[in-house]
Each structure stands twice: as structure tokens, then as C-alpha cells.
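target.cif follows (mmCIF, C-alpha atoms):
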data_start
loop_
_atom_site.label_atom_id
_atom_site.label_comp_id
_atom_site.auth_asym_id
_atom_site.auth_seq_id
_atom_site.Cartn_x
_atom_site.Cartn_y
_atom_site.Cartn_z
CA MET A 1 -1.99 -18.88 -26.81
CA ALA A 2 -5.10 -20.10 -24.98
CA VAL A 3 -8.22 -21.85 -26.28
CA GLU A 4 -11.54 -22.11 -24.49
CA LEU A 5 -12.46 -25.39 -22.88
CA ALA A 6 -15.46 -27.16 -24.36
CA GLY A 7 -16.40 -28.78 -21.07
CA PRO A 8 -17.65 -27.31 -17.78
CA PRO A 9 -15.57 -24.74 -15.85
CA VAL A 10 -12.73 -25.88 -13.65
CA THR A 11 -13.88 -27.02 -10.23
CA GLY A 12 -12.42 -25.86 -6.94
CA MET A 13 -12.70 -22.14 -7.60
CA MET A 14 -14.43 -21.19 -4.35
CA ASN A 15 -11.20 -19.71 -3.01
CA PHE A 16 -10.74 -17.68 -6.17
CA THR A 17 -14.16 -16.12 -5.62
CA ARG A 18 -13.07 -15.22 -2.11
CA VAL A 19 -10.06 -13.40 -3.57
CA ARG A 20 -12.29 -11.30 -5.80
CA VAL A 21 -14.58 -10.35 -2.91
CA LEU A 22 -11.65 -8.59 -1.22
CA GLU A 23 -11.40 -6.05 -4.03
CA GLY A 24 -14.14 -3.84 -2.59
CA SER A 25 -12.44 -3.47 0.79
CA ALA A 26 -9.13 -2.79 -0.97
CA GLN A 27 -10.61 0.08 -2.96
CA LEU A 28 -12.10 1.57 0.19
CA LEU A 29 -8.76 1.43 1.97
CA LEU A 30 -7.02 3.00 -1.01
CA GLY A 31 -9.48 5.87 -1.01
CA GLN A 32 -8.87 6.46 2.68
CA LEU A 33 -5.11 6.49 2.10
CA ARG A 34 -5.52 9.08 -0.64
CA LEU A 35 -7.55 11.31 1.67
CA HIS A 36 -5.01 10.81 4.45
CA ALA A 37 -2.15 11.85 2.17
CA LYS A 38 -4.00 15.07 1.33
CA ARG A 39 -4.53 15.82 5.02
CA VAL A 40 -0.84 15.34 5.79
CA ARG A 41 0.14 17.77 3.03
CA ALA A 42 -2.50 20.24 4.21
CA LEU A 43 -1.01 20.04 7.70
CA ALA A 44 2.46 20.80 6.35
CA ALA A 45 1.09 23.82 4.47
CA ALA A 46 -0.77 25.09 7.55
CA PHE A 47 2.38 24.79 9.65
CA ARG A 48 4.41 26.76 7.11
CA ARG A 49 1.74 29.43 6.95
CA GLU A 50 1.47 29.86 10.71
CA THR A 51 5.20 29.91 11.41
CA ARG A 52 5.59 32.92 9.12
CA ARG A 53 3.56 34.84 11.70
CA LEU A 54 5.68 33.72 14.65
CA ALA A 55 8.23 36.23 15.95
CA THR A 56 10.91 34.06 17.58
CA ASP A 57 14.58 33.22 17.63
CA ALA A 58 13.71 29.54 17.12
CA GLY A 59 13.72 29.87 13.34
CA ALA A 60 16.21 27.01 12.87
CA ASP A 61 14.10 24.65 15.00
CA LEU A 62 10.97 25.55 13.06
CA GLN A 63 12.82 25.02 9.78
CA ARG A 64 13.82 21.52 10.85
CA ILE A 65 10.20 20.72 11.71
CA ASP A 66 9.10 22.12 8.36
CA GLN A 67 11.60 19.91 6.52
CA ASN A 68 10.52 16.88 8.52
CA LEU A 69 6.90 17.51 7.59
CA ASP A 70 7.91 17.50 3.92
CA ARG A 71 9.62 14.13 4.42
CA ILE A 72 6.53 12.83 6.21
CA ALA A 73 4.35 13.91 3.28
CA ASP A 74 6.74 12.22 0.85
CA HIS A 75 6.59 8.95 2.79
CA THR A 76 2.81 9.12 2.82
CA THR A 77 2.88 9.37 -0.98
CA ILE A 78 5.35 6.48 -1.23
CA ALA A 79 2.99 4.31 0.83
CA LEU A 80 0.01 5.36 -1.27
CA ASN A 81 1.81 4.57 -4.52
CA ALA A 82 2.95 1.16 -3.25
CA VAL A 83 -0.60 0.24 -2.28
CA ASP A 84 -1.92 1.62 -5.55
CA ALA A 85 0.57 -0.37 -7.61
CA ALA A 86 -0.06 -3.58 -5.67
CA LEU A 87 -3.83 -3.39 -6.04
CA LEU A 88 -3.66 -2.57 -9.73
CA TYR A 89 -1.32 -5.49 -10.39
CA SER A 90 -3.18 -7.91 -8.13
CA PHE A 91 -6.71 -7.43 -9.39
CA GLU A 92 -5.77 -7.15 -13.06
CA HIS A 93 -4.00 -10.48 -12.82
CA ILE A 94 -6.74 -12.04 -10.73
CA ALA A 95 -9.12 -11.17 -13.57
CA ALA A 96 -6.74 -12.96 -15.94
CA MET A 97 -6.84 -16.01 -13.68
CA ASP A 98 -10.61 -16.10 -14.18
CA HIS A 99 -9.96 -16.60 -17.90
CA MET A 100 -7.40 -19.34 -17.19
CA ALA A 101 -10.07 -21.36 -15.40
CA VAL A 102 -11.93 -22.01 -18.66
CA THR A 103 -9.05 -22.16 -21.17
CA VAL A 104 -6.07 -24.32 -22.08
CA ASP A 105 -2.70 -22.73 -22.83
CA LEU A 106 -1.41 -24.32 -26.05
CA GLU A 107 2.15 -23.30 -25.08
CA HIS A 108 1.88 -25.17 -21.78
CA LEU A 109 -0.24 -28.21 -22.55
CA ASP A 110 1.31 -30.14 -19.65
CA PHE A 111 -0.29 -27.75 -17.17
CA THR A 112 -3.89 -27.92 -16.10
CA PRO A 113 -5.83 -24.65 -15.71
CA MET A 114 -5.48 -24.93 -11.93
CA GLN A 115 -1.71 -25.34 -12.22
CA ARG A 116 -1.49 -22.20 -14.34
CA ILE A 117 -3.66 -20.36 -11.83
CA ALA A 118 -1.37 -21.52 -9.03
CA GLY A 119 1.66 -20.09 -10.81
CA HIS A 120 0.04 -16.71 -11.28
CA ALA A 121 -1.30 -16.71 -7.73
CA GLN A 122 2.27 -17.18 -6.47
CA ASP A 123 3.48 -14.29 -8.62
CA ILE A 124 0.71 -12.00 -7.35
CA LEU A 125 1.41 -13.00 -3.76
CA GLU A 126 5.12 -12.21 -4.03
CA LYS A 127 4.52 -8.76 -5.53
CA LEU A 128 1.76 -8.02 -3.03
CA ARG A 129 4.09 -8.77 -0.13
CA ALA A 130 6.95 -6.77 -1.63
CA GLN A 131 4.80 -3.66 -2.11
CA HIS A 132 3.28 -4.14 1.33
CA GLY A 133 6.80 -4.04 2.76
CA VAL A 134 7.39 -0.68 1.08
CA ALA A 135 4.07 0.76 2.25
CA HIS A 136 4.35 -0.58 5.79
CA GLY A 137 7.83 0.85 6.24
CA SER A 138 6.77 4.28 4.99
CA LEU A 139 3.67 4.34 7.18
CA GLN A 140 5.73 3.45 10.26
CA TYR A 141 8.00 6.39 9.46
CA VAL A 142 4.98 8.69 9.24
CA ILE A 143 3.57 7.40 12.55
CA GLU A 144 6.83 8.01 14.41
CA GLN A 145 7.86 11.30 12.82
CA LEU A 146 4.49 12.99 13.28
CA VAL A 147 4.88 12.43 17.02
CA VAL A 148 8.49 13.65 16.90
CA SER A 149 7.42 16.81 15.06
CA ALA A 150 4.59 17.43 17.53
CA ASN A 151 6.95 17.08 20.49
CA ASN A 152 9.57 19.36 18.91
CA LEU A 153 6.98 22.01 18.10
CA ALA A 154 5.65 21.86 21.67
CA ILE A 155 9.17 22.54 22.92
CA VAL A 156 9.61 25.52 20.56
CA ILE A 157 6.40 27.29 21.45
CA GLY A 158 6.99 26.64 25.14
CA GLN A 159 10.26 28.57 25.16
CA PRO A 160 10.35 31.90 27.08
CA GLY A 161 9.72 34.96 24.93
CA VAL A 162 8.06 33.06 22.10
CA GLN A 163 4.86 34.53 20.81
CA SER A 164 2.05 32.16 21.69
CA LEU A 165 -0.11 31.14 18.74
CA GLU A 166 -3.12 29.00 19.52
CA GLN A 167 -3.13 27.77 15.93
CA LEU A 168 0.25 26.10 16.47
CA ARG A 169 -1.20 24.26 19.47
CA VAL A 170 -3.99 23.10 17.15
CA ILE A 171 -1.37 21.88 14.68
CA ILE A 172 0.34 19.91 17.45
CA ARG A 173 -2.96 18.16 18.20
CA GLN A 174 -3.46 17.51 14.49
CA MET A 175 0.00 15.95 14.19
CA ARG A 176 -0.75 13.53 17.00
CA SER A 177 -4.20 12.78 15.61
CA LEU A 178 -2.80 12.07 12.14
CA SER A 179 -0.20 9.78 13.68
CA ARG A 180 -2.98 7.73 15.29
CA THR A 181 -4.93 7.67 12.04
CA THR A 182 -1.85 6.50 10.16
CA ALA A 183 -1.43 3.66 12.67
CA GLU A 184 -5.05 2.62 12.15
CA LEU A 185 -4.68 2.63 8.36
CA SER A 186 -1.43 0.69 8.59
CA GLY A 187 -3.12 -1.91 10.75
CA ARG A 188 -6.01 -2.23 8.30
CA LEU A 189 -3.53 -2.59 5.46
CA ASP A 190 -1.74 -5.38 7.33
CA VAL A 191 -5.04 -7.22 7.85
CA PHE A 192 -6.00 -6.83 4.20
CA VAL A 193 -2.69 -8.21 2.97
CA GLN A 194 -2.93 -11.08 5.44
CA ASN A 195 -6.42 -11.98 4.20
CA GLN A 196 -5.55 -11.51 0.53
CA GLY A 197 -2.38 -13.54 0.97
CA ALA A 198 -4.27 -16.37 2.68
CA ALA A 199 -6.81 -16.49 -0.14
CA LEU A 200 -4.08 -16.57 -2.79
CA GLN A 201 -2.11 -19.16 -0.84
CA GLU A 202 -5.07 -21.52 -0.99
CA LEU A 203 -4.76 -21.51 -4.80
CA ILE A 204 -1.12 -22.59 -4.63
CA PRO A 205 -0.34 -26.33 -4.31
CA THR A 206 2.20 -27.44 -1.74
CA SER A 207 3.68 -30.16 -3.94
CA SER A 208 6.82 -29.86 -6.06
CA THR A 209 4.59 -29.30 -9.08
CA ARG A 210 4.42 -25.64 -8.08
CA ASP A 211 8.14 -25.13 -8.69
CA THR A 212 7.90 -26.67 -12.15
CA VAL A 213 4.95 -24.47 -13.09
CA LEU A 214 6.58 -21.30 -11.78
CA ALA A 215 9.85 -22.01 -13.61
CA SER A 216 8.05 -22.37 -16.92
CA LEU A 217 5.73 -19.39 -16.47
CA ALA A 218 8.63 -17.17 -15.42
CA GLY A 219 9.94 -17.26 -18.96
CA THR A 220 6.76 -15.78 -20.39
CA ALA A 221 5.70 -13.33 -17.65
CA GLN A 222 6.63 -9.82 -18.78
CA ASN A 223 4.31 -7.69 -16.68
CA ASP A 224 5.98 -5.32 -14.22
CA LEU A 225 4.48 -3.29 -11.41
CA PRO A 226 3.75 0.39 -12.20
CA ALA A 227 6.44 2.87 -11.17
CA GLN A 228 6.11 4.37 -7.70
CA GLU A 229 7.02 7.89 -8.79
CA GLY A 230 4.37 10.59 -8.38
CA ALA A 231 1.05 10.63 -6.64
CA GLY A 232 -0.97 7.43 -6.42
CA THR A 233 -2.21 5.54 -9.43
CA TRP A 234 -3.53 2.68 -7.55
CA LEU A 235 -1.62 -1.77 -0.85
CA LEU A 236 0.79 -3.48 1.72
CA ASN A 237 3.63 -6.76 7.67
CA ASN A 238 6.24 -8.51 5.73
#
The structure in this file should be written as C-alpha cells.
Amino acid sequence: MAVELAGPPVTGMMNFTRVRVLEGSAQLLLGQLRLHAKRVRALAAAFRRETRRLATDAGADLQRIDQNLDRIADHTTIALNAVDAALLYSFEHIAAMDHMAVTVDLEHLDFTPMQRIAGHAQDILEKLRAQHGVAHGSLQYVIEQLVVSANNLAIVIGQPGVQSLEQLRVIIRQMRSLSRTTAELSGRLDVFVQNQGAALQELIPTSSTRDTVLASLAGTAQNDLPAQEGAGTWLLNN
């Protein structure tokens, strides 16, 4: 249970304000990831539609590309959900830290507000990095496999006797373009997590007091990250 402090707010919160400022850029990046995921799925649908018109003996090769595009779309969704979950958890708990700055926890009277904030900042940082690892890995898969699919499709339509469809050449260009876009988004995600992590790190003391605070708070923290199943509900190099 927490009670409000009668005195002035806790000092030294400039870094906390910096953390909150990052929320706007995070929401923008999340929106771009959502749009990107839709474009990847639209590409997979366009490929499936066009290959039905292609008279060729390379049906098995096209089927493998089709299956790979489904896996690429799934990894895009995994990355989106990891970012979504991380942002939801991070900024909800950052808002709670704002309340900690002007209250005293009656269950942890030995801890100052800044010590409690440090414990929660460490928890947020760990979950942010974990979800970033998931998202980064999935985005790297998408980057690589879009290029692989583009190269394999170029080989198929270049075979003798294969009906030439200009739309498939367009799809090859789209695959390569989406791979580059994925790399750009992944890089922006890495920068965001680096900046967010640095801001959170500044709220965490380097003394042994941190370990004592974290050990006590661990017994009362019950909040888990949202599940990663399904399309995004709400980002993350290791």
C-alpha cells in the first residue's frame, strides 16, 4: 500500500521525463510495423494469386516459395507482437513509476521512492531487452528469407518454357524492397531500445542497494507480459 508524500516531489526525475518522451517515437514505430506486416501478407496473397495463372512444371518450386512467404508473414507478426507487448508493459509501468515518485510504500518503508523506481526500472529494462531479442531475431529472418524467395522466384521464371508473367517480376522487386524496409525498421527498433534502455539505466543505482531492492520487489511483482499469440496488441540488438 502506498501513501502520498506531504512534501515536495522527489528530486532527480529529469531522466524519468526523458523516458516518457520516447513514447511518441515508439508508437510511430509500432504503427509502421503494423503497416509493414500487412504489406508482407498482401505480397504473399499476390504471389499465390499470380502463380495460379502460371503454366509451368515448376509447381513444386513455387509451392516452396509460397510456404516460405507464409513463414515470413508469421515471423513479421511475431516481431510485431513482441514490440507491442514490450511497449504496453514498458509505458504502463513507467506511468506507475510516476506515482512512486510522490508516494511511500508502507510495505517497503526502508526504500525511498527513488529506490522503488530503480527496482521497477530494472524490471522494465529486462523485459524490454527480452522482447527486443524476439523481435530482432524474427525481423532478421524476414530480411534474409525475402531475398531468398526473390532469388528462387527469379530462377523459376527464368527457366526455359515457363510462361513469362510481368507481375511475377514485379513481385520479385517487391520482395527485395520489403527486405530493405524490414532492415530499416529493425535498425530503428534497435536504436529505440538502445535509447530507452539508456534512459532506464540512468534510474538504476550501481550500488549493491539495487540488488536488495530488486529481491524484495520480486516477491510482490505479479505483472506478466501479454501473450504473443495473434496479431499485434501493442518493440525490440540484444
Note to self: With the PyMOL selection byres ((chain A and resi 41-55) around 6) as the selection, what would be picked from this file? Answer as a list of chain:residue names, please.
What the structure shows: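 Taken over the shown coordinates, the PyMOL selection byres ((chain A and resi 41-55) around 6) returns A:Lys38, A:Arg39, A:Val40, A:Thr56, A:Leu69, A:Ala73.
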Checklist line | Among the residues A:Thr76, A:Gln201, A:Gln145, A:Gln32, the one that comes closest to A:Ser179 [using only C-alpha atoms] | finding: A:Gln145
Checklist line | Answer key for the PyMOL selection byres ((chain A and resi 176) around 10), residues as number ranges by chain | finding: A: 143-151, 171-175, 177-182
Note to self: When you count only C-alpha atoms, which of these residues is closest to A:Leu168: A:Thr77, A:Leu62, A:Leu22, A:Gly31?
What the structure shows: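 Answer, going by the shortest atom-to-atom distance: A:Leu62.
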Result set of the PyMOL selection byres ((chain A and resi 86-92) around 7) on the coordinates above, as a PDB file with C-alpha atoms, in the frame of the given file:
ATOM      1  CA  ALA A  82       2.950   1.160  -3.250  1.00  0.00           C
ATOM      2  CA  VAL A  83      -0.600   0.240  -2.280  1.00  0.00           C
ATOM      3  CA  ASP A  84      -1.920   1.620  -5.550  1.00  0.00           C
ATOM      4  CA  ALA A  85       0.570  -0.370  -7.610  1.00  0.00           C
ATOM      5  CA  HIS A  93      -4.000 -10.480 -12.820  1.00  0.00           C
ATOM      6  CA  ILE A  94      -6.740 -12.040 -10.730  1.00  0.00           C
ATOM      7  CA  ALA A  95      -9.120 -11.170 -13.570  1.00  0.00           C
ATOM      8  CA  ALA A  96      -6.740 -12.960 -15.940  1.00  0.00           C
ATOM      9  CA  ILE A 124       0.710 -12.000  -7.350  1.00  0.00           C
ATOM     10  CA  LYS A 127       4.520  -8.760  -5.530  1.00  0.00           C
ATOM     11  CA  LEU A 128       1.760  -8.020  -3.030  1.00  0.00           C
ATOM     12  CA  GLN A 131       4.800  -3.660  -2.110  1.00  0.00           C
ATOM     13  CA  LEU A 225       4.480  -3.290 -11.410  1.00  0.00           C
ATOM     14  CA  TRP A 234      -3.530   2.680  -7.550  1.00  0.00           C
ATOM     15  CA  LEU A 235      -1.620  -1.770  -0.850  1.00  0.00           C
TER      16      LEU A 235
END
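Across A:Ala135, A:Val156, A:Leu28, A:Val21, the tightest approach to A:Ala60 is made by A:Val156 when counting only C-alpha atoms.
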Each side padded by 4 Å, which centre and which edge lengths in Å (one decimal) define the axis-aligned box around the listed atoms of stretch 85-89 of chain A? Give them as lines of an AutoDock Vina configuration file.
center_x = -1.6
center_y = -2.9
center_z = -8.0
size_x = 12.4
size_y = 13.1
size_z = 12.7
Next item on the list: Work out how far apart atom CA of A:Ile204 and atom CA of A:Ala118 are and give it in Å to one decimal.
Entry: 4.5 Å
Notebook entry, point to check: So which residues touch A:Phe192 within 10 Å, counting all atoms listed in the file, skipping near sequence neighbours fewer than 3 positions away, as a list in words?
Noted result: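 The filter keeps Leu22, Glu23, Ser25, Ala26, Leu29, Ser186, Gly187, Arg188, Leu189, Asn195, Gln196, Gly197, Ala198, Leu235 and Leu236 of chain A.
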